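Report on the structure given below.
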Amino acid sequence: MRFLLDDEQREFARSLDAMLTAADTVAAARAWGSGEHAPGRAVWGRLADAGVFALAAPQEYEGVGPLPVETAVAFVELGRHAVPGPVVETVAAAALLTRLAALGDTAPAKRFLPTLASGGRSATLTLPEGGPYALDADAADLVLAVSDDGLRLAPGHARVRRSLDPARRLAAPLPGGEPLAAGPAVAAAARHATDWAALAIAAQSLGVGLALLDRTVAYAKQRSQFGVPIGTFQAVKHRLADVLVRLEFARPVVFGAALTMAPGDVAAAKVTAGDAVYAAARAALQLHGAIGYTAEFDLSLWLTKARALRGAWGDPGVWRGRVLAARGEV
């Protein structure tokens with residue numbers, strides 16, 4: 001498959017890059033990890049103004065989509081800039097409610113989708129295939145939970161846990177709450193939402209990997225050893241070239257999955273991007289030497305996010321199994 005973004009999609013990426021560069025997302029991510037959400041909410045408002053949260057919602061609910069390719073474009077930039085908050089979860093919640101409405105249960109979509117699409121509300125959620133914890137439940141406006149009994153609006157969350165990435169705060173939704181939907185449509189909508197979450201995570205991982213590569217290349221040009229920049233050493237060049245190849249192989253897999261939204265393609269994107277960002281993180285950590293291990297150094301924002309995203313919404317083994325299942329090999 002030969003896949004190229006069109007002019008409008010490339011301009012969308014450039015505008016998000018410029019906006020997020022001016023928004024000081026590094027400071028917002030550090031504040032978010034300490035429990036201070038105001039800077040992150042300011043970034044959220046800018047993303048809402050850019051239409052990011054409208055991409056997964058249809059026009060009848062104040063959205064502009066569903067547009068999975070544009071969603072992938074946006075999430076690459078969110079990864080490049082280490083944007084904090086339940087951005088993936090809000091998009092997944094919008095996808096869940098959209099599919100529920102398409103299957104005949106429109107009440108939850110009418111109630112929640114317009115404000116999710118506008119960015120007026122943020123959401124986090126748990127799905128049967130995504131683990132027991134909701135990301136940033138302490139900051140999200142809505143905490144949704146899907147189980148065998150259906151979809152419910154949780155009344156709150158348990159104690160917040162820190163993850164590998166300090167800016168990814170986890171908590172289990174409290175039991176009880178308001179039932180929103182039940183029946184087989186909920187399970188179908190949950191599978192659909194899981195695919196959207198996996199696509200967004202894959203695109204975000206690609207963006208994180210690109211940021212790690214850019215920062216490591218810049219460092220290799222500045223750091224000298226034996227009187228010359230370390231970037232002139234063949235071993236360093238080869239290591240960075242290997243990372244670039246992995247990321248560039250992951251890019252068409254991610255955007256190809258966005259184009260088809262076939263479960264097997266989405267699973268392949270999650271695996272490929274996760275492996276690529278993990279390789280980028282290992283190379284960045286090692287080539288930065290001792291400073292790569294320090295939390296005070298900004299590189300740590302992307303290093304910790306790379307590891308967390310690789311296992312988010314299911315570890316690589318789970319998604320490799322789905323690739324094989326889609327191909328009829330298991």
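Residues in the structure tokens are named by chain (A, B, ... in the order shown) and by number from 1 within that chain; ligands are numbered from 1 in the order shown.
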Quick one: contact table of range 43-93 of chain A to range 291-306 of chain A, 9 Å max, nearest atom pair and distance in Å to one decimal per residue, counting only C-alpha atoms, chain and number order, as JSON lines?
```
{"residue": "A:Gly79", "atom": "CA", "partner": "A:Trp302", "partner_atom": "CA", "distance": 8.3}
{"residue": "A:Arg80", "atom": "CA", "partner": "A:Trp302", "partner_atom": "CA", "distance": 8.4}
{"residue": "A:His81", "atom": "CA", "partner": "A:Trp302", "partner_atom": "CA", "distance": 8.7}
{"residue": "A:Ala82", "atom": "CA", "partner": "A:Trp302", "partner_atom": "CA", "distance": 6.5}
```
Those residues with N, CA, C and O atoms, as an mmCIF file, in the first residue's frame please?
```cif
data_model
loop_
_atom_site.group_PDB
_atom_site.id
_atom_site.type_symbol
_atom_site.label_atom_id
_atom_site.label_comp_id
_atom_site.auth_asym_id
_atom_site.auth_seq_id
_atom_site.Cartn_x
_atom_site.Cartn_y
_atom_site.Cartn_z
ATOM 1 N N GLY A 79 1.864 12.915 20.519
ATOM 2 C CA GLY A 79 3.003 12.157 21.010
ATOM 3 C C GLY A 79 4.301 12.921 20.888
ATOM 4 O O GLY A 79 5.137 12.896 21.808
ATOM 5 N N ARG A 80 4.496 13.616 19.805
ATOM 6 C CA ARG A 80 5.720 14.403 19.604
ATOM 7 C C ARG A 80 5.891 15.450 20.694
ATOM 8 O O ARG A 80 7.008 15.791 21.079
ATOM 9 N N HIS A 81 4.778 15.958 21.202
ATOM 10 C CA HIS A 81 4.839 17.045 22.184
ATOM 11 C C HIS A 81 4.526 16.592 23.603
ATOM 12 O O HIS A 81 4.376 17.440 24.494
ATOM 13 N N ALA A 82 4.414 15.288 23.841
ATOM 14 C CA ALA A 82 4.198 14.733 25.185
ATOM 15 C C ALA A 82 2.985 15.355 25.870
ATOM 16 O O ALA A 82 3.015 15.704 27.055
#
```
*asked:* Please list as number ranges by chain every residue within 12 Å of Ala190 in chain A, counting only C-alpha atoms and excluding residues in the same chain fewer than 4 positions away.
replied: A: 92-100, 125-130, 144-148, 150-151, 181-186, 194-197
Keeping C-alpha atoms for every residue in the selection just given, could you write it to a file as a PDB file, in the first residue's frame?
```pdb
ATOM      1  CA  ALA A  92     -12.268   6.027  22.594  1.00  0.00           C
ATOM      2  CA  ALA A  93     -15.322   7.137  24.589  1.00  0.00           C
ATOM      3  CA  ALA A  94     -16.566   9.088  21.576  1.00  0.00           C
ATOM      4  CA  ALA A  95     -16.070   6.013  19.381  1.00  0.00           C
ATOM      5  CA  LEU A  96     -17.925   3.857  21.921  1.00  0.00           C
ATOM      6  CA  LEU A  97     -20.932   6.190  22.046  1.00  0.00           C
ATOM      7  CA  THR A  98     -20.927   6.629  18.260  1.00  0.00           C
ATOM      8  CA  ARG A  99     -21.067   2.877  17.668  1.00  0.00           C
ATOM      9  CA  LEU A 100     -23.768   2.454  20.317  1.00  0.00           C
ATOM     10  CA  LEU A 125     -13.060   4.711  30.554  1.00  0.00           C
ATOM     11  CA  THR A 126     -12.368   1.072  31.181  1.00  0.00           C
ATOM     12  CA  LEU A 127     -13.175  -1.598  28.620  1.00  0.00           C
ATOM     13  CA  PRO A 128     -13.072  -5.391  29.053  1.00  0.00           C
ATOM     14  CA  GLU A 129      -9.958  -5.642  26.871  1.00  0.00           C
ATOM     15  CA  GLY A 130      -8.179  -2.581  28.271  1.00  0.00           C
ATOM     16  CA  LEU A 144     -17.283   5.376  31.973  1.00  0.00           C
ATOM     17  CA  ALA A 145     -17.000   1.668  32.670  1.00  0.00           C
ATOM     18  CA  VAL A 146     -17.951  -1.245  30.420  1.00  0.00           C
ATOM     19  CA  SER A 147     -18.410  -4.707  31.906  1.00  0.00           C
ATOM     20  CA  ASP A 148     -20.449  -7.811  31.235  1.00  0.00           C
ATOM     21  CA  GLY A 150     -23.229  -3.111  30.250  1.00  0.00           C
ATOM     22  CA  LEU A 151     -22.115   0.508  30.232  1.00  0.00           C
ATOM     23  CA  ALA A 181     -26.763   0.895  28.236  1.00  0.00           C
ATOM     24  CA  ALA A 182     -26.945  -2.891  28.259  1.00  0.00           C
ATOM     25  CA  GLY A 183     -27.154  -5.794  25.862  1.00  0.00           C
ATOM     26  CA  PRO A 184     -24.991  -7.162  23.030  1.00  0.00           C
ATOM     27  CA  ALA A 185     -24.610  -3.712  21.431  1.00  0.00           C
ATOM     28  CA  VAL A 186     -22.415  -2.636  24.344  1.00  0.00           C
ATOM     29  CA  THR A 194     -10.773  -0.622  21.689  1.00  0.00           C
ATOM     30  CA  ASP A 195      -9.693  -0.433  18.042  1.00  0.00           C
ATOM     31  CA  TRP A 196      -9.896   3.369  18.121  1.00  0.00           C
ATOM     32  CA  ALA A 197      -7.892   3.453  21.341  1.00  0.00           C
TER      33      ALA A 197
END
```
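Between CA of Gly176 in chain A and CA of Ala140 in chain A the separation is 17.8 Å.
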_When DSSP is applied to the backbone of this structure, which of range 94-203 of chain A are assigned strand (DSSP E)? Write them out as JSON, numbers by chain._
{"A": [123, 124, 125, 126, 134, 135, 142, 143, 144, 145, 146, 147, 150, 151, 152, 153, 161, 162, 169, 170, 171, 178, 179, 180, 181]}
Using C-alpha atoms, can you export the residues from the last selection as a PDB file, in the first residue's frame?
```pdb
ATOM      1  CA  ALA A 123     -13.652  11.336  29.502  1.00  0.00           C
ATOM      2  CA  THR A 124     -11.836   8.268  30.660  1.00  0.00           C
ATOM      3  CA  LEU A 125     -13.060   4.711  30.554  1.00  0.00           C
ATOM      4  CA  THR A 126     -12.368   1.072  31.181  1.00  0.00           C
ATOM      5  CA  ALA A 134      -8.965   4.289  33.982  1.00  0.00           C
ATOM      6  CA  LEU A 135      -6.342   6.833  32.955  1.00  0.00           C
ATOM      7  CA  LEU A 142     -16.713  11.515  32.879  1.00  0.00           C
ATOM      8  CA  VAL A 143     -15.650   8.081  34.083  1.00  0.00           C
ATOM      9  CA  LEU A 144     -17.283   5.376  31.973  1.00  0.00           C
ATOM     10  CA  ALA A 145     -17.000   1.668  32.670  1.00  0.00           C
ATOM     11  CA  VAL A 146     -17.951  -1.245  30.420  1.00  0.00           C
ATOM     12  CA  SER A 147     -18.410  -4.707  31.906  1.00  0.00           C
ATOM     13  CA  GLY A 150     -23.229  -3.111  30.250  1.00  0.00           C
ATOM     14  CA  LEU A 151     -22.115   0.508  30.232  1.00  0.00           C
ATOM     15  CA  ARG A 152     -22.360   2.679  33.337  1.00  0.00           C
ATOM     16  CA  LEU A 153     -21.353   6.137  34.471  1.00  0.00           C
ATOM     17  CA  ARG A 161      -1.833   5.119  41.215  1.00  0.00           C
ATOM     18  CA  ARG A 162       1.260   6.371  39.419  1.00  0.00           C
ATOM     19  CA  ARG A 169      -2.231   8.537  36.478  1.00  0.00           C
ATOM     20  CA  LEU A 170      -4.355   5.413  36.940  1.00  0.00           C
ATOM     21  CA  ALA A 171      -7.380   4.646  39.089  1.00  0.00           C
ATOM     22  CA  GLU A 178     -25.818   5.186  36.673  1.00  0.00           C
ATOM     23  CA  PRO A 179     -26.521   2.467  34.064  1.00  0.00           C
ATOM     24  CA  LEU A 180     -26.352   3.899  30.544  1.00  0.00           C
ATOM     25  CA  ALA A 181     -26.763   0.895  28.236  1.00  0.00           C
TER      26      ALA A 181
END
```
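Of the listed residues (A:Thr106, A:Gln59, A:Thr21, A:Ser122), A:Ser122 comes nearest to Trp44 in chain A; the distances count only C-alpha atoms.
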*Do you know which residues are at most 12 Å from Ala18 in chain A counting only C-alpha atoms, after dropping those on the same chain fewer than 3 positions away, and could you put them as a list in words?*
Glu11, Phe12, Ala13, Arg14, Ser15, Thr21, Ala22, Ala23, Asp24, Thr25, Arg46, Leu47, Ala50, Glu77, Leu78, Arg80 and His81 of chain A
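Proximity of A:Phe255, A:Pro173, A:Phe249, A:Leu16 to Leu67 in chain A, computed with only C-alpha atoms, is greatest for A:Phe255.
For range 110-118 of chain A, the list of residues within 6 Å, based on only C-alpha atoms and with local chain neighbours fewer than 3 positions off taken out, reads A:Phe53, A:Ala54, A:Tyr61, A:Glu62, A:Gly63, A:Ala107, A:Arg121.
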Since we have the selection now, will you write its residues out, keeping all heavy atoms, as an mmCIF file, in the first residue's frame?
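Now in again_19.cif:
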```cif
data_model
loop_
_atom_site.group_PDB
_atom_site.id
_atom_site.type_symbol
_atom_site.label_atom_id
_atom_site.label_comp_id
_atom_site.auth_asym_id
_atom_site.auth_seq_id
_atom_site.Cartn_x
_atom_site.Cartn_y
_atom_site.Cartn_z
ATOM 1 N N PHE A 53 -10.940 16.747 19.159
ATOM 2 C CA PHE A 53 -11.897 15.846 19.804
ATOM 3 C C PHE A 53 -13.171 15.664 18.984
ATOM 4 O O PHE A 53 -13.988 14.799 19.299
ATOM 5 C CB PHE A 53 -12.220 16.358 21.205
ATOM 6 C CG PHE A 53 -11.005 16.486 22.065
ATOM 7 C CD1 PHE A 53 -10.561 17.733 22.477
ATOM 8 C CD2 PHE A 53 -10.271 15.374 22.418
ATOM 9 C CE1 PHE A 53 -9.419 17.852 23.252
ATOM 10 C CE2 PHE A 53 -9.122 15.486 23.181
ATOM 11 C CZ PHE A 53 -8.688 16.732 23.599
ATOM 12 N N ALA A 54 -13.329 16.464 17.942
ATOM 13 C CA ALA A 54 -14.490 16.305 17.060
ATOM 14 C C ALA A 54 -14.261 15.235 15.999
ATOM 15 O O ALA A 54 -15.206 14.840 15.310
ATOM 16 C CB ALA A 54 -14.818 17.640 16.389
ATOM 17 N N TYR A 61 -23.809 14.718 16.032
ATOM 18 C CA TYR A 61 -23.516 14.946 17.448
ATOM 19 C C TYR A 61 -22.431 16.001 17.620
ATOM 20 O O TYR A 61 -21.615 15.932 18.539
ATOM 21 C CB TYR A 61 -23.110 13.638 18.123
ATOM 22 C CG TYR A 61 -24.199 12.597 18.086
ATOM 23 C CD1 TYR A 61 -24.127 11.512 17.211
ATOM 24 C CD2 TYR A 61 -25.321 12.709 18.899
ATOM 25 C CE1 TYR A 61 -25.140 10.564 17.169
ATOM 26 C CE2 TYR A 61 -26.343 11.758 18.864
ATOM 27 C CZ TYR A 61 -26.241 10.694 17.993
ATOM 28 O OH TYR A 61 -27.246 9.755 17.947
ATOM 29 N N GLU A 62 -22.401 16.967 16.711
ATOM 30 C CA GLU A 62 -21.494 18.118 16.767
ATOM 31 C C GLU A 62 -20.046 17.765 16.427
ATOM 32 O O GLU A 62 -19.141 18.554 16.713
ATOM 33 C CB GLU A 62 -21.536 18.800 18.148
ATOM 34 C CG GLU A 62 -22.930 19.133 18.645
ATOM 35 C CD GLU A 62 -23.684 20.049 17.697
ATOM 36 O OE1 GLU A 62 -23.048 20.914 17.074
ATOM 37 O OE2 GLU A 62 -24.917 19.880 17.567
ATOM 38 N N GLY A 63 -19.811 16.598 15.835
ATOM 39 C CA GLY A 63 -18.471 16.241 15.417
ATOM 40 C C GLY A 63 -18.243 16.518 13.944
ATOM 41 O O GLY A 63 -19.066 17.135 13.266
ATOM 42 N N ALA A 107 -29.411 7.269 23.182
ATOM 43 C CA ALA A 107 -29.534 8.127 24.364
ATOM 44 C C ALA A 107 -28.175 8.551 24.940
ATOM 45 O O ALA A 107 -27.959 9.753 25.196
ATOM 46 C CB ALA A 107 -30.385 7.436 25.433
ATOM 47 N N ARG A 121 -15.964 18.611 27.695
ATOM 48 C CA ARG A 121 -15.786 17.564 28.695
ATOM 49 C C ARG A 121 -14.679 16.631 28.251
ATOM 50 O O ARG A 121 -14.506 16.372 27.055
ATOM 51 C CB ARG A 121 -17.065 16.747 28.865
ATOM 52 C CG ARG A 121 -18.109 17.326 29.793
ATOM 53 C CD ARG A 121 -19.324 16.427 29.793
ATOM 54 N NE ARG A 121 -20.277 16.766 30.829
ATOM 55 C CZ ARG A 121 -21.476 16.209 30.940
ATOM 56 N NH1 ARG A 121 -21.850 15.280 30.078
ATOM 57 N NH2 ARG A 121 -22.300 16.568 31.905
#
```
*Going by DSSP on the backbone, which bits of range 48-208 of chain A are helix (DSSP H, G or I)? Write them as a VMD selection string, please.*
chain A and resid 48 to 49 52 to 54 59 to 61 68 to 80 87 to 102 107 to 118 184 to 208
Per residue of range 179-223 of chain A within 12 Å of range 269-286 of chain A, what are the shortest atom pair and its distance in Å to one decimal, counting only C-alpha atoms, with rows by chain and residue number, as a tab-separated table?
```
residue	atom	partner	partner_atom	distance
A:Thr194	CA	A:Lys270	CA	11.3
A:Asp195	CA	A:Lys270	CA	9.6
A:Trp196	CA	A:Lys270	CA	10.7
A:Ala197	CA	A:Lys270	CA	9.7
A:Ala198	CA	A:Lys270	CA	6.0
A:Leu199	CA	A:Lys270	CA	6.7
A:Ala200	CA	A:Lys270	CA	8.9
A:Ile201	CA	A:Lys270	CA	7.1
A:Ala202	CA	A:Lys270	CA	4.8
A:Ala203	CA	A:Ala273	CA	7.4
A:Gln204	CA	A:Ala273	CA	8.8
A:Ser205	CA	A:Val277	CA	5.9
A:Leu206	CA	A:Ala273	CA	5.7
A:Gly207	CA	A:Val277	CA	8.5
A:Val208	CA	A:Val277	CA	6.7
A:Gly209	CA	A:Val277	CA	4.5
A:Leu210	CA	A:Ala280	CA	8.0
A:Ala211	CA	A:Ala280	CA	9.2
A:Leu212	CA	A:Ala284	CA	6.3
A:Leu213	CA	A:Ala280	CA	6.4
A:Asp214	CA	A:Ala284	CA	9.6
A:Arg215	CA	A:Ala284	CA	8.0
A:Thr216	CA	A:Ala284	CA	5.6
A:Val217	CA	A:Ala284	CA	8.9
A:Ala218	CA	A:Ala284	CA	10.9
A:Tyr219	CA	A:Ala284	CA	9.4
A:Ala220	CA	A:Ala284	CA	9.9
```
Just the selected residues (N, CA and C atoms), exported as an mmCIF file, in the first residue's frame, please.
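Full text of out.cif as output:
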```
data_model
loop_
_atom_site.group_PDB
_atom_site.id
_atom_site.type_symbol
_atom_site.label_atom_id
_atom_site.label_comp_id
_atom_site.auth_asym_id
_atom_site.auth_seq_id
_atom_site.Cartn_x
_atom_site.Cartn_y
_atom_site.Cartn_z
ATOM 1 N N THR A 194 -12.124 -0.101 21.455
ATOM 2 C CA THR A 194 -10.773 -0.622 21.689
ATOM 3 C C THR A 194 -9.903 -0.435 20.456
ATOM 4 N N ASP A 195 -10.460 -0.649 19.275
ATOM 5 C CA ASP A 195 -9.693 -0.433 18.042
ATOM 6 C C ASP A 195 -9.305 1.037 17.882
ATOM 7 N N TRP A 196 -10.227 1.942 18.197
ATOM 8 C CA TRP A 196 -9.896 3.369 18.121
ATOM 9 C C TRP A 196 -8.817 3.739 19.132
ATOM 10 N N ALA A 197 -8.920 3.184 20.334
ATOM 11 C CA ALA A 197 -7.892 3.453 21.341
ATOM 12 C C ALA A 197 -6.534 2.928 20.883
ATOM 13 N N ALA A 198 -6.512 1.733 20.314
ATOM 14 C CA ALA A 198 -5.251 1.152 19.846
ATOM 15 C C ALA A 198 -4.651 1.967 18.713
ATOM 16 N N LEU A 199 -5.491 2.451 17.796
ATOM 17 C CA LEU A 199 -4.994 3.296 16.717
ATOM 18 C C LEU A 199 -4.397 4.581 17.272
ATOM 19 N N ALA A 200 -5.098 5.236 18.193
ATOM 20 C CA ALA A 200 -4.596 6.481 18.769
ATOM 21 C C ALA A 200 -3.294 6.252 19.527
ATOM 22 N N ILE A 201 -3.208 5.143 20.272
ATOM 23 C CA ILE A 201 -1.979 4.812 20.991
ATOM 24 C C ILE A 201 -0.840 4.562 20.010
ATOM 25 N N ALA A 202 -1.116 3.856 18.917
ATOM 26 C CA ALA A 202 -0.077 3.590 17.919
ATOM 27 C C ALA A 202 0.447 4.886 17.312
ATOM 28 N N ALA A 203 -0.471 5.794 16.957
ATOM 29 C CA ALA A 203 -0.049 7.075 16.383
ATOM 30 C C ALA A 203 0.712 7.904 17.411
ATOM 31 N N GLN A 204 0.233 7.903 18.639
ATOM 32 C CA GLN A 204 0.927 8.632 19.702
ATOM 33 C C GLN A 204 2.326 8.053 19.920
ATOM 34 N N SER A 205 2.443 6.735 19.882
ATOM 35 C CA SER A 205 3.748 6.089 20.027
ATOM 36 C C SER A 205 4.692 6.497 18.905
ATOM 37 N N LEU A 206 4.180 6.556 17.687
ATOM 38 C CA LEU A 206 5.004 6.997 16.561
ATOM 39 C C LEU A 206 5.516 8.407 16.815
ATOM 40 N N GLY A 207 4.651 9.295 17.293
ATOM 41 C CA GLY A 207 5.076 10.653 17.585
ATOM 42 C C GLY A 207 6.123 10.720 18.680
ATOM 43 N N VAL A 208 5.953 9.917 19.726
ATOM 44 C CA VAL A 208 6.950 9.863 20.797
ATOM 45 C C VAL A 208 8.291 9.391 20.245
ATOM 46 N N GLY A 209 8.265 8.371 19.404
ATOM 47 C CA GLY A 209 9.503 7.875 18.809
ATOM 48 C C GLY A 209 10.202 8.915 17.958
ATOM 49 N N LEU A 210 9.440 9.676 17.183
ATOM 50 C CA LEU A 210 10.022 10.727 16.356
ATOM 51 C C LEU A 210 10.657 11.812 17.219
ATOM 52 N N ALA A 211 9.997 12.159 18.329
ATOM 53 C CA ALA A 211 10.562 13.162 19.233
ATOM 54 C C ALA A 211 11.860 12.663 19.862
ATOM 55 N N LEU A 212 11.877 11.393 20.273
ATOM 56 C CA LEU A 212 13.095 10.820 20.853
ATOM 57 C C LEU A 212 14.239 10.828 19.839
ATOM 58 N N LEU A 213 13.930 10.473 18.601
ATOM 59 C CA LEU A 213 14.971 10.455 17.564
ATOM 60 C C LEU A 213 15.497 11.866 17.311
ATOM 61 N N ASP A 214 14.599 12.834 17.175
ATOM 62 C CA ASP A 214 15.032 14.213 16.916
ATOM 63 C C ASP A 214 15.938 14.724 18.035
ATOM 64 N N ARG A 215 15.544 14.480 19.280
ATOM 65 C CA ARG A 215 16.336 14.964 20.404
ATOM 66 C C ARG A 215 17.681 14.240 20.510
ATOM 67 N N THR A 216 17.712 12.980 20.155
ATOM 68 C CA THR A 216 18.965 12.235 20.240
ATOM 69 C C THR A 216 19.917 12.647 19.121
ATOM 70 N N VAL A 217 19.400 12.877 17.934
ATOM 71 C CA VAL A 217 20.245 13.364 16.836
ATOM 72 C C VAL A 217 20.845 14.720 17.204
ATOM 73 N N ALA A 218 20.030 15.616 17.744
ATOM 74 C CA ALA A 218 20.536 16.933 18.135
ATOM 75 C C ALA A 218 21.616 16.809 19.205
ATOM 76 N N TYR A 219 21.405 15.909 20.167
ATOM 77 C CA TYR A 219 22.400 15.723 21.228
ATOM 78 C C TYR A 219 23.701 15.142 20.661
ATOM 79 N N ALA A 220 23.579 14.196 19.735
ATOM 80 C CA ALA A 220 24.768 13.571 19.157
ATOM 81 C C ALA A 220 25.605 14.567 18.364
#
```
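Taking CA of Gly321 in chain A and CA of Pro263 in chain A as endpoints, the distance between them is 11.6 Å.
Minimum atom-to-atom distances from A:Pro316, A:Pro229, A:Gly264, A:Ser224 to Gly328 in chain A were compared using only C-alpha atoms, and the lowest value belongs to A:Gly264.
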*Looking at only C-alpha atoms, which of A:Ala189, A:Val245, A:Val323, A:Ala101 is the one that sits closest to Ala262 in chain A?*
A:Val323
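The smallest atom-to-atom distance between Ala42 in chain A and any of A:Gly156, A:Gly289, A:Gly119, A:Gly177, using only C-alpha atoms, is found for A:Gly119.
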